[in-house]
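As stored in target_12.cif (mmCIF, C-alpha atoms and all ligand atoms):
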```
data_start
loop_
_atom_site.label_atom_id
_atom_site.label_comp_id
_atom_site.auth_asym_id
_atom_site.auth_seq_id
_atom_site.Cartn_x
_atom_site.Cartn_y
_atom_site.Cartn_z
CA MET A 1 -61.07 49.71 2.77
CA LYS A 2 -62.03 47.66 -0.26
CA VAL A 3 -65.23 48.95 -1.84
CA THR A 4 -67.18 47.55 -4.78
CA LEU A 5 -69.26 50.10 -6.66
CA LEU A 6 -72.39 48.86 -8.39
CA PRO A 7 -73.96 51.88 -10.13
CA GLY A 8 -76.64 49.80 -11.88
CA ASP A 9 -79.29 51.51 -13.98
CA GLY A 10 -81.14 54.80 -14.36
CA ILE A 11 -80.11 57.39 -11.77
CA GLY A 12 -77.97 54.76 -9.98
CA ALA A 13 -74.71 55.99 -11.51
CA GLU A 14 -75.54 59.67 -10.90
CA VAL A 15 -76.34 59.29 -7.21
CA LEU A 16 -73.49 56.87 -6.54
CA GLU A 17 -70.94 59.18 -8.13
CA ALA A 18 -72.25 62.04 -6.02
CA ALA A 19 -72.11 59.96 -2.86
CA MET A 20 -68.56 58.84 -3.58
CA ARG A 21 -67.49 62.48 -3.81
CA VAL A 22 -68.77 62.95 -0.28
CA ALA A 23 -67.20 59.66 0.84
CA GLU A 24 -63.78 60.71 -0.48
CA ALA A 25 -63.99 64.14 1.14
CA VAL A 26 -64.87 62.58 4.50
CA ALA A 27 -62.37 59.72 4.23
CA SER A 28 -59.47 62.12 3.65
CA LYS A 29 -60.21 63.79 6.99
CA TYR A 30 -60.34 60.54 8.96
CA GLY A 31 -57.32 58.68 7.58
CA VAL A 32 -59.44 56.27 5.55
CA SER A 33 -58.69 55.38 1.96
CA PHE A 34 -60.82 53.44 -0.47
CA GLU A 35 -59.68 50.88 -3.01
CA THR A 36 -62.64 50.84 -5.38
CA THR A 37 -63.66 48.41 -8.12
CA GLU A 38 -66.67 49.00 -10.32
CA GLU A 39 -68.91 46.20 -11.57
CA LEU A 40 -72.09 46.02 -13.63
CA ILE A 41 -75.41 45.01 -12.14
CA GLY A 42 -79.06 44.97 -13.24
CA GLY A 43 -80.08 45.90 -16.76
CA ALA A 44 -76.59 47.22 -17.51
CA SER A 45 -75.14 43.79 -16.78
CA LEU A 46 -77.91 42.00 -18.66
CA ASP A 47 -77.19 44.06 -21.79
CA ALA A 48 -73.43 43.61 -21.61
CA LYS A 49 -73.08 40.09 -20.19
CA GLY A 50 -76.42 38.36 -20.67
CA VAL A 51 -77.15 38.02 -16.92
CA PRO A 52 -78.23 40.63 -14.33
CA VAL A 53 -75.12 39.92 -12.26
CA THR A 54 -72.09 37.81 -13.15
CA ASP A 55 -70.28 35.42 -10.82
CA GLU A 56 -67.19 37.61 -11.24
CA ALA A 57 -69.08 40.68 -10.06
CA LEU A 58 -70.39 38.75 -7.04
CA GLN A 59 -66.86 37.54 -6.29
CA THR A 60 -65.59 41.13 -6.37
CA CYS A 61 -68.25 42.01 -3.80
CA LEU A 62 -67.26 39.01 -1.68
CA ASP A 63 -63.62 40.15 -1.80
CA SER A 64 -64.59 43.66 -0.61
CA ASP A 65 -65.41 44.99 2.83
CA VAL A 66 -68.31 47.02 1.54
CA THR A 67 -70.55 47.13 -1.53
CA LEU A 68 -72.25 50.34 -2.59
CA LEU A 69 -75.25 50.07 -4.89
CA GLY A 70 -77.05 52.73 -6.91
CA ALA A 71 -80.26 51.16 -8.20
CA VAL A 72 -81.40 48.64 -10.79
CA GLY A 73 -84.26 48.22 -13.23
CA GLY A 74 -86.16 50.14 -15.85
CA PRO A 75 -88.83 49.79 -18.53
CA LYS A 76 -86.35 48.35 -21.02
CA TRP A 77 -86.06 45.13 -19.01
CA GLU A 78 -89.61 44.81 -17.69
CA SER A 79 -90.61 42.01 -20.04
CA VAL A 80 -87.53 39.81 -19.68
CA GLU A 81 -88.05 36.45 -18.01
CA HIS A 82 -88.09 36.41 -14.21
CA ARG A 83 -84.60 34.98 -13.58
CA LEU A 84 -83.04 37.61 -15.86
CA LYS A 85 -84.82 40.61 -14.34
CA PRO A 86 -82.49 43.30 -12.97
CA GLU A 87 -84.15 42.93 -9.54
CA ALA A 88 -83.14 39.24 -9.47
CA ALA A 89 -79.55 40.45 -9.14
CA LEU A 90 -80.36 42.11 -5.82
CA LEU A 91 -81.66 38.89 -4.29
CA LYS A 92 -78.59 37.03 -5.52
CA LEU A 93 -76.30 39.71 -4.14
CA ARG A 94 -77.95 39.69 -0.71
CA LYS A 95 -77.80 35.90 -0.59
CA THR A 96 -74.17 35.70 -1.72
CA LEU A 97 -73.05 38.25 0.84
CA GLU A 98 -75.15 36.56 3.56
CA LEU A 99 -76.82 39.82 4.52
CA PHE A 100 -79.26 38.78 7.21
CA SER A 101 -80.25 42.19 8.52
CA ASN A 102 -81.58 45.35 6.96
CA VAL A 103 -81.28 48.71 8.68
CA ARG A 104 -83.55 51.54 7.64
CA PRO A 105 -83.22 54.83 9.49
CA ALA A 106 -86.07 57.19 10.13
CA LYS A 107 -84.36 60.49 10.66
CA VAL A 108 -86.23 63.67 10.18
CA TYR A 109 -84.21 66.59 8.91
CA ALA A 110 -85.53 69.70 10.65
CA PRO A 111 -85.90 71.78 7.46
CA LEU A 112 -88.18 69.11 5.96
CA LEU A 113 -90.44 68.68 8.98
CA GLY A 114 -93.29 70.29 7.08
CA GLU A 115 -93.12 67.67 4.31
CA SER A 116 -94.15 64.80 6.55
CA SER A 117 -97.67 63.50 6.89
CA LEU A 118 -97.23 63.78 10.69
CA LYS A 119 -97.41 67.00 12.67
CA ALA A 120 -94.03 68.70 12.91
CA GLU A 121 -94.12 68.90 16.72
CA ARG A 122 -94.52 65.10 16.99
CA LEU A 123 -91.61 64.50 14.69
CA ASP A 124 -89.06 67.10 15.65
CA GLY A 125 -85.98 65.24 16.89
CA ALA A 126 -87.13 61.76 15.83
CA ASP A 127 -84.13 59.66 14.86
CA PHE A 128 -84.34 55.88 14.96
CA VAL A 129 -83.59 52.80 12.88
CA VAL A 130 -85.68 49.76 12.08
CA MET A 131 -83.58 46.63 11.99
CA ARG A 132 -85.34 43.87 10.07
CA GLU A 133 -84.35 40.22 9.85
CA LEU A 134 -83.93 39.55 6.16
CA THR A 135 -83.33 35.89 5.42
CA GLY A 136 -85.72 33.94 7.66
CA GLY A 137 -89.21 33.99 9.13
CA ILE A 138 -92.49 33.52 7.34
CA TYR A 139 -91.20 34.64 3.91
CA PHE A 140 -88.90 31.62 3.75
CA GLY A 141 -90.38 29.09 6.21
CA GLU A 142 -91.37 25.60 5.08
CA PRO A 143 -93.84 24.04 4.57
CA ARG A 144 -95.58 26.56 2.35
CA GLY A 145 -98.11 26.02 -0.37
CA LEU A 146 -101.25 26.89 -2.22
CA GLU A 147 -103.99 24.31 -2.64
CA ASP A 148 -107.50 24.63 -4.07
CA THR A 149 -109.09 25.97 -0.92
CA ARG A 150 -106.08 26.48 1.35
CA GLY A 151 -102.98 28.61 1.35
CA PHE A 152 -100.33 28.23 4.07
CA ASN A 153 -96.98 29.54 5.21
CA THR A 154 -94.77 28.80 8.17
CA MET A 155 -93.32 31.35 10.53
CA VAL A 156 -90.19 29.82 11.97
CA TYR A 157 -87.03 31.10 13.63
CA GLU A 158 -84.11 29.20 15.12
CA THR A 159 -82.39 30.57 18.21
CA ALA A 160 -79.14 31.15 16.29
CA GLU A 161 -80.92 33.25 13.66
CA VAL A 162 -82.45 35.48 16.32
CA GLU A 163 -79.20 35.72 18.25
CA ARG A 164 -77.10 36.94 15.34
CA ILE A 165 -79.46 39.77 14.42
CA ALA A 166 -80.09 40.69 18.06
CA ARG A 167 -76.33 40.95 18.54
CA LYS A 168 -76.14 43.33 15.56
CA ALA A 169 -78.98 45.41 16.97
CA PHE A 170 -77.27 45.74 20.36
CA GLU A 171 -73.97 46.65 18.67
CA ILE A 172 -75.71 49.28 16.57
CA ALA A 173 -77.50 50.66 19.62
CA ARG A 174 -74.11 51.11 21.27
CA LEU A 175 -73.16 53.43 18.39
CA ARG A 176 -76.42 55.36 18.84
CA GLY A 177 -78.70 55.95 21.82
CA LYS A 178 -78.17 52.55 23.57
CA LYS A 179 -81.83 51.57 23.46
CA VAL A 180 -83.36 48.54 21.75
CA VAL A 181 -87.07 47.86 21.43
CA SER A 182 -87.63 44.32 20.23
CA VAL A 183 -90.92 44.00 18.38
CA ASP A 184 -92.85 40.72 18.24
CA LYS A 185 -96.25 39.13 18.75
CA ALA A 186 -95.33 36.94 21.71
CA ASN A 187 -98.88 37.05 23.09
CA VAL A 188 -100.08 35.01 20.10
CA LEU A 189 -97.13 33.36 18.32
CA GLU A 190 -94.78 30.71 19.74
CA CYS A 191 -92.21 31.80 17.18
CA SER A 192 -92.31 35.25 18.75
CA GLN A 193 -91.93 33.74 22.23
CA LEU A 194 -88.66 32.17 21.13
CA TRP A 195 -87.65 35.53 19.61
CA ARG A 196 -88.39 37.37 22.86
CA ASN A 197 -86.67 34.80 25.11
CA THR A 198 -83.58 34.81 22.91
CA VAL A 199 -83.25 38.59 22.72
CA THR A 200 -83.80 38.90 26.48
CA ALA A 201 -81.19 36.27 27.32
CA LEU A 202 -78.59 37.80 25.01
CA GLY A 203 -79.25 41.29 26.35
CA GLU A 204 -78.80 40.14 29.95
CA LYS A 205 -75.67 38.15 29.15
CA ASP A 206 -73.70 40.51 26.89
CA TYR A 207 -75.36 43.91 26.64
CA ALA A 208 -76.35 45.03 30.11
CA ASP A 209 -75.34 48.59 29.10
CA VAL A 210 -78.08 48.70 26.43
CA GLU A 211 -81.65 49.34 27.58
CA LEU A 212 -83.89 46.58 26.21
CA SER A 213 -87.67 46.58 26.08
CA HIS A 214 -90.31 44.64 24.14
CA MET A 215 -93.36 45.74 22.24
CA TYR A 216 -96.12 43.91 20.37
CA VAL A 217 -96.12 44.70 16.68
CA ASP A 218 -99.61 46.23 16.60
CA ASN A 219 -98.64 48.60 19.39
CA ALA A 220 -95.32 49.38 17.67
CA ALA A 221 -97.16 50.45 14.49
CA MET A 222 -99.25 52.84 16.58
CA GLN A 223 -96.33 54.14 18.61
CA ILE A 224 -94.21 54.95 15.54
CA VAL A 225 -96.96 57.23 14.31
CA ARG A 226 -98.00 58.52 17.75
CA ASP A 227 -94.58 59.32 19.23
CA PRO A 228 -91.63 58.36 16.99
CA ARG A 229 -89.18 60.13 19.30
CA GLN A 230 -89.34 57.33 21.87
CA PHE A 231 -87.36 54.95 19.63
CA ASP A 232 -83.66 54.40 19.01
CA VAL A 233 -83.27 50.88 17.56
CA ILE A 234 -86.32 48.79 16.67
CA LEU A 235 -85.36 45.13 16.23
CA THR A 236 -87.83 42.86 14.50
CA SER A 237 -88.49 39.87 12.30
CA ASN A 238 -88.75 39.77 8.52
CA MET A 239 -92.47 40.33 7.98
CA PHE A 240 -93.01 42.78 10.85
CA GLY A 241 -89.92 44.70 9.72
CA ASP A 242 -91.12 44.81 6.13
CA ILE A 243 -94.16 46.76 7.28
CA LEU A 244 -92.65 48.84 10.08
CA SER A 245 -89.68 50.01 8.00
CA ASP A 246 -92.01 51.44 5.38
CA ILE A 247 -94.08 53.23 8.00
CA ALA A 248 -90.88 54.57 9.53
CA GLY A 249 -89.55 55.66 6.14
CA MET A 250 -92.66 57.49 5.13
CA ILE A 251 -93.02 59.60 8.25
CA THR A 252 -89.75 61.22 7.22
CA GLY A 253 -90.99 62.37 3.82
CA SER A 254 -89.46 61.81 0.41
CA LEU A 255 -88.10 58.66 -1.21
CA GLY A 256 -85.06 60.60 -2.39
CA MET A 257 -83.97 61.04 1.25
CA LEU A 258 -84.07 57.44 2.51
CA PRO A 259 -80.86 55.44 2.97
CA SER A 260 -80.42 51.79 3.94
CA ALA A 261 -77.84 49.25 4.99
CA SER A 262 -77.91 45.48 4.76
CA LEU A 263 -75.47 43.85 7.14
CA GLY A 264 -74.07 40.37 7.50
CA GLU A 265 -71.32 38.86 9.60
CA LYS A 266 -68.55 39.73 7.12
CA HIS A 267 -70.12 42.00 4.53
CA ALA A 268 -72.20 45.13 4.24
CA LEU A 269 -74.23 46.63 1.43
CA TYR A 270 -75.27 50.27 1.47
CA GLU A 271 -77.87 51.63 -0.94
CA PRO A 272 -80.65 54.18 -1.23
CA VAL A 273 -84.19 52.87 -0.72
CA HIS A 274 -85.41 54.38 -3.99
CA GLY A 275 -85.23 52.70 -7.40
CA SER A 276 -83.63 53.71 -10.67
CA ALA A 277 -86.14 56.53 -11.36
CA PRO A 278 -86.09 56.08 -15.16
CA ASP A 279 -88.38 59.11 -15.53
CA ILE A 280 -85.58 61.48 -14.46
CA ALA A 281 -82.46 59.49 -15.36
CA GLY A 282 -79.69 61.32 -17.20
CA GLN A 283 -81.05 64.79 -16.42
CA GLY A 284 -78.76 65.58 -13.50
CA ILE A 285 -81.70 66.31 -11.21
CA ALA A 286 -81.79 63.20 -8.99
CA ASN A 287 -81.67 63.78 -5.26
CA PRO A 288 -78.34 62.36 -4.02
CA VAL A 289 -79.23 62.62 -0.32
CA ALA A 290 -80.47 59.02 0.12
CA THR A 291 -77.18 57.68 -1.22
CA ILE A 292 -75.08 60.22 0.69
CA ALA A 293 -76.93 59.28 3.88
CA SER A 294 -76.17 55.62 3.05
CA ILE A 295 -72.49 56.63 3.03
CA ALA A 296 -73.01 58.13 6.49
CA MET A 297 -74.33 54.73 7.60
CA MET A 298 -71.20 53.10 6.16
CA PHE A 299 -69.01 55.41 8.24
CA LYS A 300 -71.05 54.62 11.34
CA TYR A 301 -71.70 50.90 11.08
CA THR A 302 -68.75 49.52 9.12
CA LEU A 303 -65.98 51.95 9.97
CA GLU A 304 -67.42 52.83 13.39
CA LEU A 305 -66.47 56.47 12.79
CA VAL A 306 -69.51 57.91 14.51
CA GLU A 307 -68.26 61.49 14.38
CA ALA A 308 -67.73 61.33 10.61
CA ALA A 309 -71.21 59.90 10.14
CA ASP A 310 -72.78 62.56 12.35
CA LEU A 311 -70.99 65.33 10.45
CA ILE A 312 -72.31 64.01 7.12
CA GLU A 313 -75.85 64.06 8.49
CA GLN A 314 -75.34 67.54 9.89
CA ALA A 315 -73.96 68.70 6.52
CA ILE A 316 -77.08 67.38 4.77
CA GLU A 317 -79.27 69.15 7.31
CA GLN A 318 -77.32 72.41 6.96
CA ALA A 319 -77.57 72.33 3.16
CA LEU A 320 -81.34 71.90 3.49
CA LEU A 321 -81.46 74.65 6.12
CA ASP A 322 -79.63 76.95 3.70
CA GLY A 323 -82.45 76.34 1.24
CA TYR A 324 -80.89 73.89 -1.22
CA ARG A 325 -83.47 71.53 -2.69
CA THR A 326 -83.54 69.08 -5.58
CA LYS A 327 -86.76 69.05 -7.54
CA ASP A 328 -88.40 66.16 -5.63
CA VAL A 329 -88.32 68.08 -2.33
CA TYR A 330 -88.53 71.60 -3.74
CA SER A 331 -90.96 74.12 -2.32
CA GLU A 332 -91.47 77.77 -3.14
CA GLY A 333 -88.84 80.21 -1.98
CA LYS A 334 -86.08 77.57 -1.87
CA THR A 335 -83.08 77.25 -4.19
CA LEU A 336 -83.68 74.62 -6.85
CA VAL A 337 -80.48 72.69 -7.58
CA GLY A 338 -79.37 69.59 -9.48
CA THR A 339 -77.51 66.51 -8.22
CA ASN A 340 -74.06 68.06 -8.49
CA GLU A 341 -74.88 71.36 -6.82
CA MET A 342 -76.64 69.58 -3.98
CA THR A 343 -73.57 67.39 -3.53
CA ASP A 344 -71.24 70.41 -3.64
CA ALA A 345 -73.37 72.13 -1.00
CA ILE A 346 -73.12 69.07 1.27
CA VAL A 347 -69.35 68.66 0.77
CA GLU A 348 -68.74 72.36 1.50
CA ARG A 349 -70.79 72.19 4.69
CA PHE A 350 -69.06 69.01 5.78
CA GLU A 351 -65.66 70.73 5.35
CA GLU A 352 -66.86 73.70 7.41
CA LEU A 353 -68.34 71.55 10.16
CA HIS A 354 -65.20 69.44 10.30
CA ALA A 355 -62.92 72.50 10.47
CA ARG A 356 -65.07 73.90 13.29
CA LYS A 357 -64.84 70.60 15.16
CA GLN A 358 -61.04 70.57 14.78
CA SER A 359 -60.62 74.07 16.14
CA ALA A 360 -63.04 73.54 19.05
P1 LIG B 401 -88.40 54.68 -8.08
O1 LIG B 401 -87.96 54.73 -6.67
O2 LIG B 401 -87.34 54.46 -9.08
O3 LIG B 401 -89.18 56.05 -8.44
C1 LIG B 401 -90.41 56.43 -7.87
C2 LIG B 401 -90.61 57.94 -8.05
O4 LIG B 401 -89.71 58.63 -7.15
C3 LIG B 401 -90.25 58.43 -9.45
O5 LIG B 401 -91.11 59.48 -9.81
C4 LIG B 401 -88.85 58.96 -9.32
O6 LIG B 401 -88.51 59.98 -10.24
C5 LIG B 401 -88.82 59.45 -7.88
N1 LIG B 401 -87.48 59.30 -7.29
C6 LIG B 401 -86.91 58.16 -6.85
N2 LIG B 401 -85.68 58.38 -6.40
C7 LIG B 401 -85.45 59.70 -6.57
C8 LIG B 401 -84.33 60.54 -6.34
N3 LIG B 401 -83.19 60.08 -5.80
N4 LIG B 401 -84.44 61.85 -6.66
C9 LIG B 401 -85.57 62.34 -7.18
N5 LIG B 401 -86.67 61.60 -7.44
C10 LIG B 401 -86.60 60.28 -7.14
O7 LIG B 401 -89.51 53.53 -8.16
P2 LIG B 401 -90.27 52.96 -9.45
O8 LIG B 401 -90.53 54.06 -10.43
O9 LIG B 401 -91.36 52.17 -8.89
O10 LIG B 401 -89.25 51.94 -10.10
C11 LIG B 401 -88.36 52.25 -11.18
C12 LIG B 401 -87.45 51.05 -11.39
O11 LIG B 401 -86.62 50.89 -10.24
C13 LIG B 401 -88.20 49.72 -11.55
O12 LIG B 401 -87.55 48.97 -12.54
C14 LIG B 401 -88.09 49.08 -10.20
O13 LIG B 401 -88.17 47.69 -10.26
C15 LIG B 401 -86.73 49.54 -9.76
N6 LIG B 401 -86.48 49.54 -8.32
C16 LIG B 401 -85.22 49.23 -7.93
C17 LIG B 401 -84.87 49.28 -6.58
C18 LIG B 401 -83.45 49.00 -6.21
O14 LIG B 401 -82.59 49.01 -7.07
N7 LIG B 401 -83.15 48.78 -4.95
C19 LIG B 401 -85.83 49.67 -5.64
C20 LIG B 401 -87.10 50.02 -6.06
C21 LIG B 401 -87.43 49.95 -7.42
#
```
Once more with this new file: its structure as structure tokens, please.
Amino acid sequence: MKVTLLPGDGIGAEVLEAAMRVAEAVASKYGVSFETTEELIGGASLDAKGVPVTDEALQTCLDSDVTLLGAVGGPKWESVEHRLKPEAALLKLRKTLELFSNVRPAKVYAPLLGESSLKAERLDGADFVVMRELTGGIYFGEPRGLEDTRGFNTMVYETAEVERIARKAFEIARLRGKKVVSVDKANVLECSQLWRNTVTALGEKDYADVELSHMYVDNAAMQIVRDPRQFDVILTSNMFGDILSDIAGMITGSLGMLPSASLGEKHALYEPVHGSAPDIAGQGIANPVATIASIAMMFKYTLELVEAADLIEQAIEQALLDGYRTKDVYSEGKTLVGTNEMTDAIVERFEELHARKQSA
């Protein structure tokens, strides 16, 4: 599989290197091999090439099956003009790769149940993803504008836009718990009515094996906090997903634990949710779990190697259960480790879990 590595800035390179160690260890067990190319992005690219991402780097990503990103940005580039900002590279990358959906898991690792703002008994066993439409809806709809006494935006979706993300959601549900909850506001918005009709029709036509239900967005926000265990795949539009994916992320605890995937028809980008953490960059203490869990998503959603993905997640959980903690999730009585030791602990546990699986 062709993989482009974009370490970026700050802790980006540290966490991506750690995650690739896990990726290589897993790949060797499942007959996968990676052909990797590294490119600059963000501030690193701006310093070396004068732009936050070059056309050549984007072409390398286009020529790959998968792009893996660390993070971009930092105080050094905060005052550069808007089009040169490291973050501008991310928008360009997503657009070039036509990534129309974003998948953010909310998985609660049992040893970190106590870290969440929700009660442990409500959370135990929660494991779902929020799938957000990324390139349409009210954030991009025209007309839009700001006048003296009036501001306006347009929420608009075409059937084809809804269909392509709904198809992805059903496919992803097939690799998980085979349940999709489509979230909208069809009681108020015509745009949502089209969304609901389209998802329903596609589900009936092509995905009868996946259980589909619908929920209004206000109720969904409540239900995620009230009983997150009821969900498997939440499918929703750009703005609703923006909000729900952050709620979902936060119930699981720390930023250093949150992975993400952005998927298109031909390409996929996997990256941690967190930024470049300039305050801890270069110290070897960054939590690599978010990026390692992003690798698990790559094994599940691009390679469709569900067992490999599950074993990575189990290895992360076992390392936490054995007390390993980077500083951001450390609590008294646990073993404080750096990025490399945490990664070693996860690789070792993956090897053990895999060996056990083979001999079973
Ligand atoms: P941040 O996510 O970089 O950091 C927020 C806090 O969380 C910091 O205290 C940091 O040390 C901590 N943290 C984050 N990831 C961690 C990890 N893996 N292990 C341990 N601690 C971790 O957000 P910020 O400070 O608001 O932004 C810093 C820079 O990153 C900015 O330039 C911002 O624009 C950029 N940013 C980039 C992305 C991206 O590349 N996708 C996302 C968000 C922010």
Quiz item: Smallest atom-to-atom distance to Thr54 (chain A): which of A:Ala89, A:Glu24, A:Leu113, A:Val72, using only C-alpha atoms?
Solution: A:Ala89
Quiz prompt | Of the listed residues A:Val199, A:Val180, A:Met239, A:Leu194, that which approaches Leu212 (chain A) most closely, counting all atoms listed in the file | solution =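 Of all the options, A:Val180 lies closest to Leu212 (chain A).
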Using the file's own x, y and z axes, what box holds all listed atoms of region 199-203 of chain A with 4 Å on each side, keeping edges along x, y and z, and what are its centre and edge lengths in Å to one decimal, as lines of an AutoDock Vina configuration file?
```
center_x = -81.2
center_y = 38.8
center_z = 25.0
size_x = 13.2
size_y = 13.0
size_z = 12.6
```
Quiz item: Nearest to ligand LIG 401 (chain B): which of A:Gly241, A:Pro111, A:Gly338, A:Gly323 is it, counting only C-alpha atoms and all ligand atoms?
Solution: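 Among the listed residues, A:Gly338 lies closest to ligand LIG 401 (chain B).
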Protein and nucleic acid residues within 10 Å of ligand LIG 401 (chain B) (only C-alpha atoms and all ligand atoms) as a CSV table (one decimal) with C-alpha atoms, in the coordinates of the input:
```csv
chain,number,residue,atom,x,y,z
A,7,PRO,CA,-74.0,51.9,-10.1
A,8,GLY,CA,-76.6,49.8,-11.9
A,9,ASP,CA,-79.3,51.5,-14.0
A,10,GLY,CA,-81.1,54.8,-14.4
A,11,ILE,CA,-80.1,57.4,-11.8
A,12,GLY,CA,-78.0,54.8,-10.0
A,14,GLU,CA,-75.5,59.7,-10.9
A,15,VAL,CA,-76.3,59.3,-7.2
A,41,ILE,CA,-75.4,45.0,-12.1
A,42,GLY,CA,-79.1,45.0,-13.2
A,43,GLY,CA,-80.1,45.9,-16.8
A,69,LEU,CA,-75.2,50.1,-4.9
A,70,GLY,CA,-77.0,52.7,-6.9
A,71,ALA,CA,-80.3,51.2,-8.2
A,72,VAL,CA,-81.4,48.6,-10.8
A,73,GLY,CA,-84.3,48.2,-13.2
A,74,GLY,CA,-86.2,50.1,-15.8
A,75,PRO,CA,-88.8,49.8,-18.5
A,76,LYS,CA,-86.4,48.4,-21.0
A,77,TRP,CA,-86.1,45.1,-19.0
A,78,GLU,CA,-89.6,44.8,-17.7
A,85,LYS,CA,-84.8,40.6,-14.3
A,86,PRO,CA,-82.5,43.3,-13.0
A,87,GLU,CA,-84.2,42.9,-9.5
A,88,ALA,CA,-83.1,39.2,-9.5
A,89,ALA,CA,-79.6,40.4,-9.1
A,90,LEU,CA,-80.4,42.1,-5.8
A,254,SER,CA,-89.5,61.8,0.4
A,255,LEU,CA,-88.1,58.7,-1.2
A,256,GLY,CA,-85.1,60.6,-2.4
A,257,MET,CA,-84.0,61.0,1.2
A,258,LEU,CA,-84.1,57.4,2.5
A,260,SER,CA,-80.4,51.8,3.9
A,271,GLU,CA,-77.9,51.6,-0.9
A,272,PRO,CA,-80.6,54.2,-1.2
A,273,VAL,CA,-84.2,52.9,-0.7
A,274,HIS,CA,-85.4,54.4,-4.0
A,275,GLY,CA,-85.2,52.7,-7.4
A,276,SER,CA,-83.6,53.7,-10.7
A,277,ALA,CA,-86.1,56.5,-11.4
A,278,PRO,CA,-86.1,56.1,-15.2
A,279,ASP,CA,-88.4,59.1,-15.5
A,280,ILE,CA,-85.6,61.5,-14.5
A,281,ALA,CA,-82.5,59.5,-15.4
A,284,GLY,CA,-78.8,65.6,-13.5
A,285,ILE,CA,-81.7,66.3,-11.2
A,286,ALA,CA,-81.8,63.2,-9.0
A,287,ASN,CA,-81.7,63.8,-5.3
A,288,PRO,CA,-78.3,62.4,-4.0
A,289,VAL,CA,-79.2,62.6,-0.3
A,290,ALA,CA,-80.5,59.0,0.1
A,291,THR,CA,-77.2,57.7,-1.2
A,326,THR,CA,-83.5,69.1,-5.6
A,327,LYS,CA,-86.8,69.0,-7.5
A,328,ASP,CA,-88.4,66.2,-5.6
A,329,VAL,CA,-88.3,68.1,-2.3
A,338,GLY,CA,-79.4,69.6,-9.5
A,339,THR,CA,-77.5,66.5,-8.2
```
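You can rank A:Ala201, A:Leu112, A:Leu123, A:Val66 by their closest distance to Val225 (chain A) using only C-alpha atoms, and at the top of that list sits A:Leu123.
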Quiz item: Just how far from CA of Leu202 (chain A) is CA of Ile234 (chain A), in Å to one decimal?
Solution: 15.8 Å
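CA of Phe170 (chain A) sits 26.9 Å away from CA of Glu317 (chain A).
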Exercise. Could you tell me which of A:Glu307, A:Asp242, A:Glu348, A:Asp63 comes closest to Thr4 (chain A) if we count all atoms listed in the file?
Key: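 Looking only at the distances to Thr4 (chain A), the closest residue turns out to be A:Asp63.
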Practice problem: Calculate how many Å separate CA of Thr252 (chain A) from CA of Ala25 (chain A), rounding to one decimal. | Solution: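 About the pair CA of Thr252 (chain A) and CA of Ala25 (chain A): they are 26.6 Å apart.
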Exercise. Counting all atoms listed in the file, figure out which residue out of A:Ala309, A:Ala220, A:Met215, A:Leu146 gets nearest to Ser294 (chain A).
Key: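 Under the stated criterion, the closest residue is A:Ala309.
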Could you rebuild region 339-346 of chain A with N, CA, C and O atoms and give it back as a CSV table (one decimal), keeping the file's coordinate frame?
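Here's the written file part_8.csv:
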```
chain,number,residue,atom,x,y,z
A,339,THR,N,-78.3,67.5,-9.0
A,339,THR,CA,-77.5,66.5,-8.2
A,339,THR,C,-76.1,67.0,-7.8
A,339,THR,O,-75.7,67.0,-6.6
A,340,ASN,N,-75.4,67.6,-8.8
A,340,ASN,CA,-74.1,68.1,-8.5
A,340,ASN,C,-74.0,69.2,-7.5
A,340,ASN,O,-73.2,69.3,-6.6
A,341,GLU,N,-74.9,70.2,-7.7
A,341,GLU,CA,-74.9,71.4,-6.8
A,341,GLU,C,-75.3,71.0,-5.4
A,341,GLU,O,-74.7,71.5,-4.4
A,342,MET,N,-76.2,70.1,-5.3
A,342,MET,CA,-76.6,69.6,-4.0
A,342,MET,C,-75.5,68.9,-3.3
A,342,MET,O,-75.2,69.1,-2.1
A,343,THR,N,-74.7,68.1,-4.1
A,343,THR,CA,-73.6,67.4,-3.5
A,343,THR,C,-72.5,68.4,-3.1
A,343,THR,O,-71.9,68.3,-2.0
A,344,ASP,N,-72.2,69.4,-4.0
A,344,ASP,CA,-71.2,70.4,-3.6
A,344,ASP,C,-71.6,71.1,-2.3
A,344,ASP,O,-70.8,71.3,-1.5
A,345,ALA,N,-72.9,71.4,-2.2
A,345,ALA,CA,-73.4,72.1,-1.0
A,345,ALA,C,-73.1,71.3,0.2
A,345,ALA,O,-72.7,71.8,1.3
A,346,ILE,N,-73.3,70.0,0.1
A,346,ILE,CA,-73.1,69.1,1.3
A,346,ILE,C,-71.6,68.9,1.6
A,346,ILE,O,-71.2,69.0,2.7
```
